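Asker: After the structure tokens below, expect a handful of questions from me.
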Amino acid sequence: MAFSTDPAGSSGPESPARLQDAEHEANQLVQIRLNKTAALRARGVDPFGRRFERTNTARQIIQEYPASEQEQVKIAGRLMSQRVHGKASFADLRDSSGRIQVYARVDDLGTDAYQDFVDLDVGDIVGVTGRVFKSRRGEITVAATEVLLLTKSLRPLPEKWHGLRDVDLRYRQRYLDLLVNPEVRETFEKRSAIITAVRAFLNQRGFCEVETPVLQTLAGGGHARPFTTHHNALDMDLYLRIALELFHKRLIIGGFDKVYEIGRVFRNEGISTKHNPEFTMLELYQAFADYTDMMELVESMFSTVARQVLGTMVLNYQGKVIDLTPPWARMTMMEALDKYSGLGWDSLPDDDTSRRVAGSLGIDVSDKPTAGMVLDRIWSDLVEPHLVGPVFITDYPVEISPLAKRHDDNPKLTYRFEAFINGFEACNAFSELNDPLDQRQRFVEQTREKAKGNDEAHVFDDDYVLALEYGMPPTGGLGVGIDRLVMLLTNTASLRDVILFPVLRPK
């Protein structure tokens, strides 16, 4: 097994005979390591050993040199390579901070301990005590005076440079991907830094971080098909949340001014490079604000996080230059639809006409029974690929925005925007609908949509309408897909490369 540097696919099919040979060889290597493990136990050595108190990481030693020269250190990590030269040997040890060279000599360790060092395998986890020096080739190195086996690796690590026969092994066995590809670990370290920067940005603006239920009696706040589960004690079905929205707005009704949550949401949809059924969402709500306030917040948050994590607001994403410097361009949905497809909203007045129009454009909407669903398909096929942006697309139709406030100038439209970057939606925001009478009627219309076959239509949430009847102040709300933000800031093409353990079909 080995990992490819090509993210696009595998190196091609292997013959059954070659696969059998590779499996036989791997089994032989495992058996050799099992024999070594048994021999260690026979000597009274625990191959899956003991606590080891480190004093330094690889990065610390290297960064502090030459002050660390001749300092005695204790390091621990995984052996990634060995170079045995008679009575002196070198090895590369990798810990969570990086790589450092280890030098072992018979004169320093003694004959038996040196032989134990030579008998170690790549992948073994060891603790090394020794002194820091610089080798003749100028590499900062730890000269070992003691080496302890902390964990025996029973399987050989993949070879880094020879390609992956099964490309999804990187996702199925992410731990191997992280071990042999340091750049993968760097992506997830950067993901952590991005989320930390988002939290700091919102905390500085006075937002309060909250936690809301994952299991819900009604899956609301978005257009999506939910996952269903069952609670045995209550003998009732529950749903994994598809959004955070409706509980957050209940908090605004309850007197919070600014709330946010970074949490997992679940949508029972297809799997692709841009979709995973389980993903991380940021949602926030601000009382006495509207969608223009949310635009300013998005511009400021994206540009601030990019500057803090990357040191720049100008990105090179998949060969395209993306400048996050505010202000961003703005265009209404109708303007973008007309510009890139030649259609207006009046071209899609009802379900049947919409399907005929889509068919004339060569777009298959056989599974889209309503005009709103057809518009969404036309938009994603014909318009989104042109939205390199960043650009705010504003003023969406009421039919596809059941939780957004109506536009004063045109009641068929809403105060809603989505920000697009490199052809994909980066966030979604509204001036939130706070009229309980209008909201009730919207839910009724969504019920009709569901009856037509739109499985993603919003459910009727009577308890939410009841909460609105007590009064919700004018509010701006925002949802940001954290995984897509990480894709953007790490120059990653696939969602699977920024989620540690993406959902995959079982083998």
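Chain lettering (A, B, ...) mirrors the order of the structure tokens, residue numbering begins at 1 for each chain separately, and ligand numbering begins at 1 in order of display.
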Hey, could you make a per-residue contact list for range 273-292 of chain A against range 454-478 of chain A with 10 Å as the cut-off, showing the nearest pair of atoms and its distance in Å to one decimal, counting only C-alpha atoms, sorted by chain and number, as a tab-separated table?
Answerer:
```
residue	atom	partner	partner_atom	distance
A:Leu282	CA	A:Leu478	CA	8.0
A:Glu283	CA	A:Leu478	CA	5.5
A:Leu284	CA	A:Leu478	CA	5.4
A:Tyr285	CA	A:Gly477	CA	4.4
A:Gln286	CA	A:Gly476	CA	5.3
A:Ala287	CA	A:Thr475	CA	4.4
A:Phe288	CA	A:Pro474	CA	4.9
A:Ala289	CA	A:Gly476	CA	4.9
A:Asp290	CA	A:Gly476	CA	4.2
A:Tyr291	CA	A:Gly476	CA	5.4
A:Thr292	CA	A:Gly476	CA	8.3
```
Asker: Name the residues in contact with Ser272 in chain A at a cut-off of 12 Å, using only C-alpha atoms, excluding same-chain residues fewer than 6 positions from it; report them as an mmCIF file with C-alpha atoms, in the first residue's frame.
Answerer:
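Output (out_24.cif):
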```cif
data_model
loop_
_atom_site.group_PDB
_atom_site.id
_atom_site.type_symbol
_atom_site.label_atom_id
_atom_site.label_comp_id
_atom_site.auth_asym_id
_atom_site.auth_seq_id
_atom_site.Cartn_x
_atom_site.Cartn_y
_atom_site.Cartn_z
ATOM 1 C CA ALA A 493 -10.626 20.917 -4.337
ATOM 2 C CA SER A 494 -12.533 18.183 -2.484
ATOM 3 C CA LEU A 495 -14.609 18.393 0.676
ATOM 4 C CA ARG A 496 -13.275 14.967 1.640
ATOM 5 C CA ASP A 497 -9.793 16.439 2.020
ATOM 6 C CA PRO A 502 -15.822 11.612 5.510
ATOM 7 C CA VAL A 503 -18.782 9.308 4.982
ATOM 8 C CA LEU A 504 -17.959 6.461 2.587
ATOM 9 C CA ARG A 505 -19.804 3.433 1.310
#
```
Asker: Residues at most 9 Å from Ile195 in chain A, counting only C-alpha atoms, excluding those fewer than 2 positions away in the same chain, as an MDAnalysis selection string?
Answerer: chainID A and resid 190:193 197:200 262 305 482 486
Asker: Would you please work out which residue, of A:Leu40, A:Leu154, A:Ala76, A:Leu437, is nearest to Ala26 in chain A when using only C-alpha atoms?
Answerer: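 Checking each of A:Leu40, A:Leu154, A:Ala76, A:Leu437 against Ala26 in chain A, counting only C-alpha atoms, the winner is A:Leu154.
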Asker: Distance CA of Pro390 in chain A-CA of Phe207 in chain A, one decimal place?
Answerer: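 Between CA of Pro390 in chain A and CA of Phe207 in chain A the gap is 24.9 Å.
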Asker: From a DSSP calculation on the backbone, collect every residue of range 184-351 of chain A in strand (DSSP E) and output the set as a PyMOL selection string.
Answerer: chain A and resi 208-209+215-216+228-231+236-240+258-266+278-287+314-317+320-323+329-332
Asker: So how many Å separate CA of Met294 in chain A and CA of Met313 in chain A, to one decimal?
Answerer: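 Pair CA of Met294 in chain A / CA of Met313 in chain A returns 19.2 Å.
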Asker: Would you mind reading off the distance between CA of Pro327 in chain A and CA of Leu315 in chain A, one decimal, in Å?
Answerer: 15.8 Å
Asker: Report the residues of range 96-152 of chain A whose backbone DSSP state falls under alpha helix (DSSP H), written as number ranges by chain.
Answerer: A: 106-109, 111-118
Asker: From the options A:Arg172, A:Arg41, A:Lys152, A:Arg205, which residue's atoms come nearest to Lys258 in chain A, counting only C-alpha atoms?
Answerer: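 Checking each of A:Arg172, A:Arg41, A:Lys152, A:Arg205 against Lys258 in chain A, counting only C-alpha atoms, the winner is A:Arg205.
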Asker: Smallest atom-to-atom distance to Leu149 in chain A: which of A:Leu433, A:Val128, A:Leu297, A:Ile194, using only C-alpha atoms?
Answerer: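 Checking each of A:Leu433, A:Val128, A:Leu297, A:Ile194 against Leu149 in chain A, counting only C-alpha atoms, the winner is A:Val128.
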Asker: Nearest to Thr145 in chain A: which of A:Ser354, A:Asn232, A:Gln72, A:Ser81 is it, counting only C-alpha atoms?
Answerer: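 Checking each candidate against Thr145 in chain A, we get A:Gln72 as the closest.
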